[in-house]
>>> print(open('input.cif').read())   # mmCIF, C-alpha atoms
data_structure
#
loop_
_atom_site.group_PDB
_atom_site.id
_atom_site.type_symbol
_atom_site.label_atom_id
_atom_site.label_comp_id
_atom_site.auth_asym_id
_atom_site.auth_seq_id
_atom_site.Cartn_x
_atom_site.Cartn_y
_atom_site.Cartn_z
ATOM 1 C CA MET A 1262 206.576 -8.301 37.272
ATOM 2 C CA THR A 1263 206.871 -6.631 40.706
ATOM 3 C CA LEU A 1264 207.138 -2.843 40.727
ATOM 4 C CA PRO A 1265 209.741 -1.269 43.023
ATOM 5 C CA HIS A 1266 207.388 1.560 44.044
ATOM 6 C CA LEU A 1267 203.765 2.202 43.151
ATOM 7 C CA ALA A 1268 202.309 5.615 44.053
ATOM 8 C CA ILE A 1269 198.537 6.138 44.181
ATOM 9 C CA VAL A 1270 197.496 9.804 44.094
ATOM 10 C CA MET A 1271 194.075 11.259 44.893
ATOM 11 C CA PRO A 1272 192.450 14.676 44.981
ATOM 12 C CA ALA A 1273 189.805 14.736 47.718
ATOM 13 C CA PHE A 1274 187.153 17.060 49.096
ATOM 14 C CA ASN A 1275 184.882 16.035 51.984
ATOM 15 C CA GLU A 1276 185.355 12.291 51.520
ATOM 16 C CA ASP A 1277 185.778 11.156 55.138
ATOM 17 C CA GLU A 1278 182.845 8.729 54.833
ATOM 18 C CA GLY A 1279 184.429 6.500 52.216
ATOM 19 C CA ILE A 1280 188.032 7.349 51.444
ATOM 20 C CA ARG A 1281 189.717 5.157 54.055
ATOM 21 C CA GLY A 1282 187.768 2.086 52.996
ATOM 22 C CA PHE A 1283 188.560 2.864 49.358
ATOM 23 C CA ILE A 1284 192.286 3.076 50.056
ATOM 24 C CA ASP A 1285 192.156 -0.135 52.097
ATOM 25 C CA GLU A 1286 190.514 -1.855 49.129
ATOM 26 C CA ILE A 1287 193.150 -0.571 46.695
ATOM 27 C CA ARG A 1288 195.987 -1.557 49.033
ATOM 28 C CA ASP A 1289 194.668 -5.092 49.386
ATOM 29 C CA SER A 1290 194.406 -5.383 45.603
ATOM 30 C CA VAL A 1291 197.906 -4.138 44.696
ATOM 31 C CA ALA A 1292 200.045 -5.116 47.709
ATOM 32 C CA SER A 1293 201.474 -8.181 45.994
ATOM 33 C CA LEU A 1294 202.373 -6.220 42.848
ATOM 34 C CA ALA A 1295 204.869 -3.749 44.321
ATOM 35 C CA ASP A 1296 207.670 -3.776 46.856
ATOM 36 C CA ARG A 1297 206.333 -0.485 48.161
ATOM 37 C CA VAL A 1298 202.926 1.174 47.806
ATOM 38 C CA SER A 1299 202.397 4.785 48.881
ATOM 39 C CA PHE A 1300 199.277 6.953 48.840
ATOM 40 C CA HIS A 1301 199.340 10.728 48.328
ATOM 41 C CA ILE A 1302 196.169 12.738 48.959
ATOM 42 C CA ALA A 1303 195.725 16.381 48.033
ATOM 43 C CA ASP A 1304 192.908 17.644 50.256
ATOM 44 C CA ASP A 1305 191.074 20.635 48.796
ATOM 45 C CA ARG A 1306 190.382 22.306 52.164
ATOM 46 C CA SER A 1307 187.707 19.806 53.204
ATOM 47 C CA THR A 1308 185.202 20.984 55.788
ATOM 48 C CA ASP A 1309 184.858 17.487 57.260
ATOM 49 C CA SER A 1310 187.569 15.266 58.775
ATOM 50 C CA THR A 1311 189.085 13.997 55.503
ATOM 51 C CA ALA A 1312 192.485 15.482 56.351
ATOM 52 C CA ALA A 1313 192.605 13.658 59.711
ATOM 53 C CA VAL A 1314 191.342 10.225 58.617
ATOM 54 C CA PHE A 1315 194.851 8.942 57.944
ATOM 55 C CA ASP A 1316 196.716 10.382 60.925
ATOM 56 C CA ASP A 1317 197.520 6.844 62.090
ATOM 57 C CA VAL A 1318 198.266 5.318 58.645
ATOM 58 C CA ALA A 1319 201.960 5.166 57.736
ATOM 59 C CA ASP A 1320 201.706 4.750 53.968
ATOM 60 C CA VAL A 1321 199.289 7.659 53.392
ATOM 61 C CA THR A 1322 200.417 11.278 53.133
ATOM 62 C CA VAL A 1323 197.827 14.067 53.141
ATOM 63 C CA GLU A 1324 198.685 17.549 51.890
ATOM 64 C CA VAL A 1325 196.012 20.126 52.693
ATOM 65 C CA GLN A 1326 195.927 22.768 49.972
ATOM 66 C CA PRO A 1327 196.418 26.450 50.854
ATOM 67 C CA VAL A 1328 192.956 27.347 49.534
ATOM 68 C CA ASN A 1329 189.974 25.542 48.020
ATOM 69 C CA ARG A 1330 190.617 25.548 44.261
ATOM 70 C CA GLY A 1331 188.451 22.812 42.772
ATOM 71 C CA HIS A 1332 189.141 19.439 41.229
ATOM 72 C CA GLY A 1333 191.611 20.305 38.465
ATOM 73 C CA PRO A 1334 194.228 22.181 40.491
ATOM 74 C CA THR A 1335 193.882 19.651 43.336
ATOM 75 C CA ALA A 1336 194.423 16.738 40.941
ATOM 76 C CA LEU A 1337 197.579 18.446 39.659
ATOM 77 C CA ALA A 1338 198.782 18.936 43.233
ATOM 78 C CA ALA A 1339 198.228 15.220 43.863
ATOM 79 C CA TYR A 1340 200.185 14.339 40.731
ATOM 80 C CA ARG A 1341 203.084 16.522 41.814
ATOM 81 C CA ALA A 1342 203.119 15.012 45.297
ATOM 82 C CA GLY A 1343 203.236 11.530 43.826
ATOM 83 C CA LEU A 1344 205.995 12.382 41.357
ATOM 84 C CA ALA A 1345 208.085 13.866 44.185
ATOM 85 C CA ALA A 1346 208.162 10.382 45.754
ATOM 86 C CA ASN A 1347 209.957 9.029 42.640
ATOM 87 C CA PRO A 1348 207.689 6.046 41.964
ATOM 88 C CA SER A 1349 208.136 3.425 39.268
ATOM 89 C CA VAL A 1350 204.465 3.830 38.260
ATOM 90 C CA LEU A 1351 201.862 6.371 39.349
ATOM 91 C CA VAL A 1352 198.085 5.851 39.389
ATOM 92 C CA HIS A 1353 195.616 8.719 39.724
ATOM 93 C CA VAL A 1354 192.079 8.183 40.988
ATOM 94 C CA ASP A 1355 189.552 10.532 42.566
ATOM 95 C CA GLY A 1356 188.993 10.209 46.304
ATOM 96 C CA ASP A 1357 185.244 9.656 45.924
ATOM 97 C CA GLY A 1358 185.901 5.959 45.302
ATOM 98 C CA GLN A 1359 183.873 5.409 42.147
ATOM 99 C CA PHE A 1360 185.950 2.376 41.124
ATOM 100 C CA TYR A 1361 186.640 -1.117 42.437
ATOM 101 C CA GLY A 1362 190.028 -1.948 43.896
ATOM 102 C CA ARG A 1363 190.067 -5.158 41.858
ATOM 103 C CA ASP A 1364 190.479 -3.142 38.639
ATOM 104 C CA PHE A 1365 193.798 -1.623 39.735
ATOM 105 C CA PRO A 1366 195.850 -4.792 39.053
ATOM 106 C CA ARG A 1367 194.247 -4.917 35.599
ATOM 107 C CA LEU A 1368 195.274 -1.300 35.007
ATOM 108 C CA LEU A 1369 198.869 -2.032 36.025
ATOM 109 C CA ALA A 1370 198.990 -5.187 33.912
ATOM 110 C CA ALA A 1371 197.826 -3.231 30.865
ATOM 111 C CA LEU A 1372 200.570 -0.653 31.447
ATOM 112 C CA THR A 1373 203.417 -3.128 31.898
ATOM 113 C CA GLN A 1374 202.406 -5.770 29.365
ATOM 114 C CA ALA A 1375 201.918 -3.217 26.603
ATOM 115 C CA ASP A 1376 204.952 -1.171 27.680
ATOM 116 C CA ALA A 1377 202.620 1.819 27.484
ATOM 117 C CA ASP A 1378 203.149 5.402 28.620
ATOM 118 C CA VAL A 1379 199.656 5.608 30.091
ATOM 119 C CA VAL A 1380 196.533 3.499 30.552
ATOM 120 C CA HIS A 1381 193.121 5.157 30.805
ATOM 121 C CA GLY A 1382 190.350 3.451 32.735
ATOM 122 C CA VAL A 1383 187.281 3.836 30.495
ATOM 123 C CA ARG A 1384 184.182 3.946 32.679
ATOM 124 C CA ASP A 1385 181.310 1.501 32.175
ATOM 125 C CA GLY A 1386 177.955 2.005 33.889
ATOM 126 C CA ARG A 1387 178.420 5.581 35.061
ATOM 127 C CA THR A 1388 175.798 6.662 37.598
ATOM 128 C CA ASP A 1389 176.454 10.396 37.241
ATOM 129 C CA PRO A 1390 173.589 12.779 36.375
ATOM 130 C CA TRP A 1391 172.670 12.899 32.696
ATOM 131 C CA TYR A 1392 174.229 16.321 32.185
ATOM 132 C CA ARG A 1393 177.653 15.111 33.337
ATOM 133 C CA LYS A 1394 177.471 12.240 30.865
ATOM 134 C CA ALA A 1395 176.342 14.638 28.159
ATOM 135 C CA LEU A 1396 179.198 16.998 28.983
ATOM 136 C CA THR A 1397 181.734 14.169 28.755
ATOM 137 C CA ALA A 1398 180.304 13.118 25.390
ATOM 138 C CA ALA A 1399 180.366 16.688 24.029
ATOM 139 C CA VAL A 1400 183.951 17.233 25.183
ATOM 140 C CA GLY A 1401 184.868 13.891 23.641
ATOM 141 C CA VAL A 1402 183.562 15.020 20.237
ATOM 142 C CA LEU A 1403 185.479 18.312 20.481
ATOM 143 C CA ILE A 1404 188.725 16.588 21.428
ATOM 144 C CA ALA A 1405 188.279 13.931 18.726
ATOM 145 C CA LEU A 1406 188.050 16.675 16.117
ATOM 146 C CA ALA A 1407 191.202 18.306 17.477
ATOM 147 C CA ALA A 1408 193.147 15.038 17.874
ATOM 148 C CA GLY A 1409 192.041 13.478 14.620
ATOM 149 C CA ARG A 1410 190.710 10.377 16.348
ATOM 150 C CA ARG A 1411 188.243 9.421 19.039
ATOM 151 C CA ILE A 1412 189.567 9.239 22.603
ATOM 152 C CA PRO A 1413 187.352 7.062 24.843
ATOM 153 C CA ASP A 1414 186.264 8.755 28.100
ATOM 154 C CA VAL A 1415 188.487 11.751 27.519
ATOM 155 C CA ASN A 1416 188.203 13.058 31.115
ATOM 156 C CA THR A 1417 188.466 9.793 33.034
ATOM 157 C CA PRO A 1418 190.095 10.259 36.466
ATOM 158 C CA LEU A 1419 191.499 6.692 36.572
ATOM 159 C CA ARG A 1420 194.909 6.664 34.871
ATOM 160 C CA ALA A 1421 198.186 4.784 35.274
ATOM 161 C CA TYR A 1422 201.306 6.636 34.108
ATOM 162 C CA ARG A 1423 204.986 6.068 33.591
ATOM 163 C CA PRO A 1424 206.617 8.927 35.529
ATOM 164 C CA ASP A 1425 208.774 10.102 32.601
ATOM 165 C CA ALA A 1426 205.680 10.555 30.440
ATOM 166 C CA LEU A 1427 203.635 12.147 33.216
ATOM 167 C CA ARG A 1428 206.294 14.723 34.098
ATOM 168 C CA VAL A 1429 206.188 16.103 30.557
ATOM 169 C CA LEU A 1430 202.445 16.656 30.882
ATOM 170 C CA VAL A 1431 202.422 18.033 34.431
ATOM 171 C CA ASP A 1432 205.344 20.401 33.781
ATOM 172 C CA ALA A 1433 203.618 21.857 30.716
ATOM 173 C CA ILE A 1434 200.263 22.700 32.291
ATOM 174 C CA PRO A 1435 199.471 25.628 34.608
ATOM 175 C CA ALA A 1436 198.920 24.653 38.243
ATOM 176 C CA ASP A 1437 195.458 26.242 38.209
ATOM 177 C CA ALA A 1438 194.142 24.364 35.135
ATOM 178 C CA ALA A 1439 190.501 23.382 35.599
ATOM 179 C CA VAL A 1440 190.447 20.348 33.260
ATOM 180 C CA PRO A 1441 193.955 18.854 33.246
ATOM 181 C CA HIS A 1442 192.826 15.408 32.141
ATOM 182 C CA VAL A 1443 191.243 16.816 28.993
ATOM 183 C CA HIS A 1444 194.533 18.543 28.166
ATOM 184 C CA PHE A 1445 196.467 15.378 28.991
ATOM 185 C CA SER A 1446 194.294 13.225 26.718
ATOM 186 C CA LEU A 1447 194.658 15.578 23.777
ATOM 187 C CA ALA A 1448 198.402 16.076 24.247
ATOM 188 C CA GLU A 1449 198.962 12.317 24.525
ATOM 189 C CA ALA A 1450 197.183 11.746 21.222
ATOM 190 C CA ARG A 1451 198.940 14.550 19.383
ATOM 191 C CA ALA A 1452 202.419 13.758 20.712
ATOM 192 C CA GLY A 1453 202.294 10.042 19.959
ATOM 193 C CA PHE A 1454 202.239 8.707 23.515
ATOM 194 C CA THR A 1455 201.615 4.975 23.747
ATOM 195 C CA VAL A 1456 198.121 4.961 25.262
ATOM 196 C CA ARG A 1457 196.028 1.934 26.157
ATOM 197 C CA TYR A 1458 192.357 1.922 27.111
ATOM 198 C CA LEU A 1459 190.869 -0.491 29.649
ATOM 199 C CA ARG A 1460 187.168 -0.791 30.375
ATOM 200 C CA VAL A 1461 186.448 -0.642 34.114
ATOM 201 C CA ALA A 1462 183.291 -0.563 36.193
ATOM 202 C CA SER A 1463 182.082 2.809 37.445
ATOM 203 C CA ILE A 1464 180.144 2.739 40.712
ATOM 204 C CA PRO A 1465 178.342 5.387 42.807
ATOM 205 C CA ARG A 1466 180.367 7.643 45.039
ATOM 206 C CA ARG A 1467 181.182 6.053 48.385
ATOM 207 C CA GLY A 1468 179.441 7.780 51.256
ATOM 208 C CA ALA A 1469 175.846 8.833 51.782
ATOM 209 C CA SER A 1470 176.188 12.624 51.770
ATOM 210 C CA THR A 1471 176.482 14.916 48.746
ATOM 211 C CA THR A 1472 179.061 17.265 50.252
ATOM 212 C CA GLY A 1473 181.998 15.554 48.570
ATOM 213 C CA THR A 1474 181.043 16.426 45.018
ATOM 214 C CA MET A 1475 180.624 19.794 43.293
ATOM 215 C CA TRP A 1476 178.094 18.798 40.698
ATOM 216 C CA GLY A 1477 175.401 16.761 42.433
ATOM 217 C CA ARG A 1478 174.978 12.995 42.412
ATOM 218 C CA GLY A 1479 172.505 10.408 41.211
ATOM 219 C CA SER A 1480 170.278 10.407 38.149
ATOM 220 C CA GLY A 1481 167.369 12.272 39.746
ATOM 221 C CA VAL A 1482 168.869 15.756 39.358
ATOM 222 C CA SER A 1483 167.055 17.226 36.367
ATOM 223 C CA LEU A 1484 169.087 20.318 35.504
ATOM 224 C CA PRO A 1485 172.782 21.211 35.572
ATOM 225 C CA PRO A 1486 173.652 23.306 38.650
ATOM 226 C CA LYS A 1487 174.529 26.934 37.984
ATOM 227 C CA ARG A 1488 178.048 26.287 39.263
ATOM 228 C CA LEU A 1489 178.532 23.581 36.649
ATOM 229 C CA ARG A 1490 177.304 25.836 33.850
ATOM 230 C CA GLN A 1491 179.818 28.478 34.926
ATOM 231 C CA PHE A 1492 182.547 25.836 35.145
ATOM 232 C CA VAL A 1493 181.829 24.609 31.617
ATOM 233 C CA ARG A 1494 182.138 28.101 30.162
ATOM 234 C CA GLY A 1495 185.474 28.594 31.906
ATOM 235 C CA ALA A 1496 186.724 25.141 30.934
ATOM 236 C CA LEU A 1497 185.914 25.713 27.267
ATOM 237 C CA ALA A 1498 187.798 29.010 27.304
ATOM 238 C CA GLU A 1499 190.734 27.274 28.989
ATOM 239 C CA ALA A 1500 190.716 24.417 26.471
ATOM 240 C CA TRP A 1501 190.843 26.905 23.621
ATOM 241 C CA ALA A 1502 193.633 28.962 25.188
ATOM 242 C CA LEU A 1503 195.894 26.066 26.261
ATOM 243 C CA SER A 1504 195.201 23.233 23.816
ATOM 244 C CA LEU A 1505 192.956 24.044 20.855
ATOM 245 C CA ARG A 1506 193.932 27.339 19.215
ATOM 246 C CA PRO A 1507 196.651 27.100 16.548
ATOM 247 C CA SER A 1508 199.317 28.678 18.773
ATOM 248 C CA ALA A 1509 198.189 26.947 21.983
ATOM 249 C CA PRO A 1510 201.188 26.239 24.258
ATOM 250 C CA LEU A 1511 200.273 22.606 24.924
ATOM 251 C CA ARG A 1512 200.552 21.842 21.208
ATOM 252 C CA SER A 1513 204.336 21.836 21.697
ATOM 253 C CA ILE A 1514 204.354 18.801 24.030
ATOM 254 C CA ARG A 1515 206.489 15.950 22.719
ATOM 255 C CA ARG A 1516 206.673 12.370 23.941
ATOM 256 C CA PRO A 1517 209.860 11.855 25.980
ATOM 257 C CA GLU A 1518 212.388 9.205 25.082
ATOM 258 C CA PRO A 1519 211.331 6.144 27.091
ATOM 259 C CA ALA A 1520 213.441 5.536 30.179
ATOM 260 C CA SER A 1521 214.759 2.080 30.891
ATOM 261 C CA ARG A 1522 211.856 -0.098 32.001
#
>>> encode(input="input.cif", output="structure tokens")
Amino acid sequence: MTLPHLAIVMPAFNEDEGIRGFIDEIRDSVASLADRVSFHIADDRSTDSTAAVFDDVADVTVEVQPVNRGHGPTALAAYRAGLAANPSVLVHVDGDGQFYGRDFPRLLAALTQADADVVHGVRDGRTDPWYRKALTAAVGVLIALAAGRRIPDVNTPLRAYRPDALRVLVDAIPADAAVPHVHFSLAEARAGFTVRYLRVASIPRRGASTTGTMWGRGSGVSLPPKRLRQFVRGALAEAWALSLRPSAPLRSIRRPEPASR
């Protein structure tokens, strides 16, 4: 099956070392699967040349955000930019390039063959510091208790969505949400979205510097940075307010009637 229009969306911050090569790799992998492929980058006020890397590339649009707001709000901005292009399918992935382009056709095949609303790329072999893995595991336990079932890799940034399903999620969440993918995963489970999970390889961030990531990189960092500890406290409060408390607004999300596919 050939898609009429595939949109790839990315939040990015200081990724000029690797982002162009990553997009080239994705394009090569999916070009035969869609009549049109477009890339939409939300740049979170990078201090390097990320915003200018694609000045000469026709299928890539870069929207520099008004202020630096962090990963969650920038991911939501990328989603909205992709939805505005009216794609047939939308794929989200972080601009740090921690996946192989060859897994994108597998993600799309899982979405179309299962007639799913969303496919999550479940990361194998993560090279993140131990505390990021521990945080993901702890959040996974919390969300499993709330959803009534385990959700693999609850915060994975690699996701393929049907636009009708994604719009329901994006429209329901505040633009400044810090952990939108956690909210998405829980809402999908509660609302009966058709979700598929696909194991994919996770690789180190592309690029030699550490300026493109908030939380540090590699396994040698022994303690969580203070900024991460502050982020976790805020994210937990947000999760309670938006998704977990009995009257949380995101509890009202309902799966849309599937559009013609």
>>> closest_atom_pairs(input="input.cif", of="stretch 1327-1397 of chain A", to="stretch 1289-1299 of chain A", cutoff="9 Å", atoms="all atoms listed in the file", output="Markdown table")
| residue | atom | partner | partner_atom | distance |
| --- | --- | --- | --- | --- |
| A:Gly1343 | CA | A:Ser1299 | CA | 8.5 |
| A:Ala1346 | CA | A:Ser1299 | CA | 8.6 |
| A:Pro1348 | CA | A:Ser1299 | CA | 8.8 |
| A:Gly1362 | CA | A:Ser1290 | CA | 5.8 |
| A:Arg1363 | CA | A:Ser1290 | CA | 5.7 |
| A:Asp1364 | CA | A:Ser1290 | CA | 8.3 |
| A:Phe1365 | CA | A:Val1291 | CA | 6.9 |
| A:Pro1366 | CA | A:Val1291 | CA | 6.0 |
| A:Leu1369 | CA | A:Leu1294 | CA | 8.7 |
>>> residues_near_point(input="input.cif", point="(202.2, 16.7, 29.8)", cutoff="9 Å", atoms="only C-alpha atoms", output="MDAnalysis selection string")
chainID A and resid 1426:1434 1444:1445 1448:1449 1511 1514:1516
>>> residues_around(input="input.cif", residues="A:Arg1367", least_positions_apart="2", cutoff="12 Å", atoms="all atoms listed in the file", output="PDB file with C-alpha atoms, in the coordinates of the input")
ATOM      1  CA  ILE A1287     193.150  -0.571  46.695  1.00  0.00           C
ATOM      2  CA  SER A1290     194.406  -5.383  45.603  1.00  0.00           C
ATOM      3  CA  VAL A1291     197.906  -4.138  44.696  1.00  0.00           C
ATOM      4  CA  LEU A1294     202.373  -6.220  42.848  1.00  0.00           C
ATOM      5  CA  TYR A1361     186.640  -1.117  42.437  1.00  0.00           C
ATOM      6  CA  GLY A1362     190.028  -1.948  43.896  1.00  0.00           C
ATOM      7  CA  ARG A1363     190.067  -5.158  41.858  1.00  0.00           C
ATOM      8  CA  ASP A1364     190.479  -3.142  38.639  1.00  0.00           C
ATOM      9  CA  PHE A1365     193.798  -1.623  39.735  1.00  0.00           C
ATOM     10  CA  LEU A1369     198.869  -2.032  36.025  1.00  0.00           C
ATOM     11  CA  ALA A1370     198.990  -5.187  33.912  1.00  0.00           C
ATOM     12  CA  ALA A1371     197.826  -3.231  30.865  1.00  0.00           C
ATOM     13  CA  LEU A1372     200.570  -0.653  31.447  1.00  0.00           C
ATOM     14  CA  THR A1373     203.417  -3.128  31.898  1.00  0.00           C
ATOM     15  CA  GLN A1374     202.406  -5.770  29.365  1.00  0.00           C
ATOM     16  CA  ALA A1375     201.918  -3.217  26.603  1.00  0.00           C
ATOM     17  CA  VAL A1380     196.533   3.499  30.552  1.00  0.00           C
ATOM     18  CA  HIS A1381     193.121   5.157  30.805  1.00  0.00           C
ATOM     19  CA  GLY A1382     190.350   3.451  32.735  1.00  0.00           C
ATOM     20  CA  LEU A1419     191.499   6.692  36.572  1.00  0.00           C
ATOM     21  CA  ARG A1420     194.909   6.664  34.871  1.00  0.00           C
ATOM     22  CA  ALA A1421     198.186   4.784  35.274  1.00  0.00           C
ATOM     23  CA  ARG A1457     196.028   1.934  26.157  1.00  0.00           C
ATOM     24  CA  TYR A1458     192.357   1.922  27.111  1.00  0.00           C
ATOM     25  CA  LEU A1459     190.869  -0.491  29.649  1.00  0.00           C
ATOM     26  CA  ARG A1460     187.168  -0.791  30.375  1.00  0.00           C
ATOM     27  CA  VAL A1461     186.448  -0.642  34.114  1.00  0.00           C
ATOM     28  CA  ALA A1462     183.291  -0.563  36.193  1.00  0.00           C
TER      29      ALA A1462
END
>>> resolve_selection(input="input.cif", expression="the PyMOL selection byres ((chain A and resi 1336) around 10)", output="JSON list (two decimals) with C-alpha atoms, in the coordinates of the input")
[["chain", "number", "residue", "atom", "x", "y", "z"],
["A", 1270, "VAL", "CA", 197.50, 9.80, 44.09],
["A", 1271, "MET", "CA", 194.08, 11.26, 44.89],
["A", 1272, "PRO", "CA", 192.45, 14.68, 44.98],
["A", 1273, "ALA", "CA", 189.80, 14.74, 47.72],
["A", 1302, "ILE", "CA", 196.17, 12.74, 48.96],
["A", 1303, "ALA", "CA", 195.72, 16.38, 48.03],
["A", 1304, "ASP", "CA", 192.91, 17.64, 50.26],
["A", 1305, "ASP", "CA", 191.07, 20.64, 48.80],
["A", 1331, "GLY", "CA", 188.45, 22.81, 42.77],
["A", 1332, "HIS", "CA", 189.14, 19.44, 41.23],
["A", 1333, "GLY", "CA", 191.61, 20.30, 38.47],
["A", 1334, "PRO", "CA", 194.23, 22.18, 40.49],
["A", 1335, "THR", "CA", 193.88, 19.65, 43.34],
["A", 1337, "LEU", "CA", 197.58, 18.45, 39.66],
["A", 1338, "ALA", "CA", 198.78, 18.94, 43.23],
["A", 1339, "ALA", "CA", 198.23, 15.22, 43.86],
["A", 1340, "TYR", "CA", 200.18, 14.34, 40.73],
["A", 1341, "ARG", "CA", 203.08, 16.52, 41.81],
["A", 1342, "ALA", "CA", 203.12, 15.01, 45.30],
["A", 1353, "HIS", "CA", 195.62, 8.72, 39.72],
["A", 1354, "VAL", "CA", 192.08, 8.18, 40.99],
["A", 1355, "ASP", "CA", 189.55, 10.53, 42.57],
["A", 1418, "PRO", "CA", 190.10, 10.26, 36.47],
["A", 1436, "ALA", "CA", 198.92, 24.65, 38.24],
["A", 1437, "ASP", "CA", 195.46, 26.24, 38.21],
["A", 1438, "ALA", "CA", 194.14, 24.36, 35.14],
["A", 1439, "ALA", "CA", 190.50, 23.38, 35.60],
["A", 1440, "VAL", "CA", 190.45, 20.35, 33.26],
["A", 1441, "PRO", "CA", 193.96, 18.85, 33.25],
["A", 1442, "HIS", "CA", 192.83, 15.41, 32.14]]
>>> atom_distance(input="input.cif", atom1="atom CA of A:Phe1300", atom2="atom CA of A:Arg1467")
18.1 Å
>>> atom_distance(input="input.cif", atom1="atom CA of A:Ile1412", atom2="atom CA of A:Leu1447")
8.2 Å
>>> resolve_selection(input="input.cif", expression="the PyMOL selection byres ((chain A and resi 1360) around 6)", output="JSON, numbers by chain")
{"A": [1358, 1359, 1361, 1463, 1464]}
>>> atom_distance(input="input.cif", atom1="atom CA of A:Val1383", atom2="atom CA of A:Ser1446")
12.3 Å
>>> residues_around(input="input.cif", residues="A:Leu1351", least_positions_apart="6", cutoff="7 Å", atoms="only C-alpha atoms", output="list in words")
Leu1267, Ala1268, Ile1269, Gly1343, Ala1421, Tyr1422, Arg1423 and Pro1424 of chain A
>>> residues_around(input="input.cif", residues="stretch 1394-1408 of chain A", least_positions_apart="5", cutoff="10 Å", atoms="only C-alpha atoms", output="ChimeraX atom specification")
/A:1387-1389,1413-1417,1443-1444,1446-1452,1493,1497,1500,1504-1506
>>> closest_residue(input="input.cif", among="A:Val1379, A:Ala1509, A:Ile1284, A:Ala1312", to="A:Gly1356", atoms="all atoms listed in the file")
A:Ile1284
>>> residues_around(input="input.cif", residues="A:Arg1306", least_positions_apart="6", cutoff="7 Å", atoms="all atoms listed in the file", output="mmCIF file with C-alpha atoms, in the frame of the given file")
data_model
loop_
_atom_site.group_PDB
_atom_site.id
_atom_site.type_symbol
_atom_site.label_atom_id
_atom_site.label_comp_id
_atom_site.auth_asym_id
_atom_site.auth_seq_id
_atom_site.Cartn_x
_atom_site.Cartn_y
_atom_site.Cartn_z
ATOM 1 C CA PHE A 1274 187.153 17.060 49.096
ATOM 2 C CA VAL A 1325 196.012 20.126 52.693
ATOM 3 C CA GLN A 1326 195.927 22.768 49.972
ATOM 4 C CA VAL A 1328 192.956 27.347 49.534
ATOM 5 C CA ASN A 1329 189.974 25.542 48.020
#
>>> decode(input="input.cif", residues="stretch 1488-1492 of chain A", atoms="all heavy atoms", output="mmCIF file, in the first residue's frame")
data_model
loop_
_atom_site.group_PDB
_atom_site.id
_atom_site.type_symbol
_atom_site.label_atom_id
_atom_site.label_comp_id
_atom_site.auth_asym_id
_atom_site.auth_seq_id
_atom_site.Cartn_x
_atom_site.Cartn_y
_atom_site.Cartn_z
ATOM 1 N N ARG A 1488 18.497 19.500 37.136
ATOM 2 C CA ARG A 1488 17.418 19.922 36.247
ATOM 3 C C ARG A 1488 16.437 18.783 36.005
ATOM 4 O O ARG A 1488 15.237 18.988 35.912
ATOM 5 C CB ARG A 1488 18.000 20.420 34.925
ATOM 6 C CG ARG A 1488 16.977 21.084 34.011
ATOM 7 C CD ARG A 1488 17.635 21.629 32.763
ATOM 8 N NE ARG A 1488 16.674 22.304 31.918
ATOM 9 C CZ ARG A 1488 16.956 22.783 30.710
ATOM 10 N NH1 ARG A 1488 18.183 22.648 30.222
ATOM 11 N NH2 ARG A 1488 16.034 23.391 29.998
ATOM 12 N N LEU A 1489 16.967 17.560 35.906
ATOM 13 C CA LEU A 1489 16.090 16.410 35.710
ATOM 14 C C LEU A 1489 15.246 16.160 36.945
ATOM 15 O O LEU A 1489 14.052 15.851 36.849
ATOM 16 C CB LEU A 1489 16.905 15.172 35.359
ATOM 17 C CG LEU A 1489 16.104 13.867 35.188
ATOM 18 C CD1 LEU A 1489 15.048 14.021 34.110
ATOM 19 C CD2 LEU A 1489 17.024 12.714 34.866
ATOM 20 N N ARG A 1490 15.841 16.279 38.130
ATOM 21 C CA ARG A 1490 15.078 16.058 39.354
ATOM 22 C C ARG A 1490 13.925 17.063 39.455
ATOM 23 O O ARG A 1490 12.815 16.709 39.850
ATOM 24 C CB ARG A 1490 16.001 16.153 40.565
ATOM 25 C CG ARG A 1490 17.111 15.092 40.584
ATOM 26 C CD ARG A 1490 17.754 14.976 41.957
ATOM 27 N NE ARG A 1490 18.408 16.195 42.380
ATOM 28 C CZ ARG A 1490 19.686 16.504 42.123
ATOM 29 N NH1 ARG A 1490 20.434 15.673 41.403
ATOM 30 N NH2 ARG A 1490 20.222 17.610 42.583
ATOM 31 N N GLN A 1491 14.195 18.307 39.089
ATOM 32 C CA GLN A 1491 13.142 19.321 39.093
ATOM 33 C C GLN A 1491 12.065 18.991 38.065
ATOM 34 O O GLN A 1491 10.869 19.140 38.318
ATOM 35 C CB GLN A 1491 13.749 20.690 38.811
ATOM 36 C CG GLN A 1491 14.681 21.190 39.904
ATOM 37 C CD GLN A 1491 15.428 22.451 39.505
ATOM 38 O OE1 GLN A 1491 15.584 22.762 38.321
ATOM 39 N NE2 GLN A 1491 15.911 23.186 40.491
ATOM 40 N N PHE A 1492 12.510 18.530 36.884
ATOM 41 C CA PHE A 1492 11.576 18.165 35.824
ATOM 42 C C PHE A 1492 10.657 17.035 36.285
ATOM 43 O O PHE A 1492 9.442 17.064 36.041
ATOM 44 C CB PHE A 1492 12.353 17.755 34.577
ATOM 45 C CG PHE A 1492 11.487 17.198 33.479
ATOM 46 C CD1 PHE A 1492 10.837 18.042 32.595
ATOM 47 C CD2 PHE A 1492 11.319 15.822 33.326
ATOM 48 C CE1 PHE A 1492 10.036 17.542 31.586
ATOM 49 C CE2 PHE A 1492 10.526 15.313 32.323
ATOM 50 C CZ PHE A 1492 9.878 16.168 31.443
#
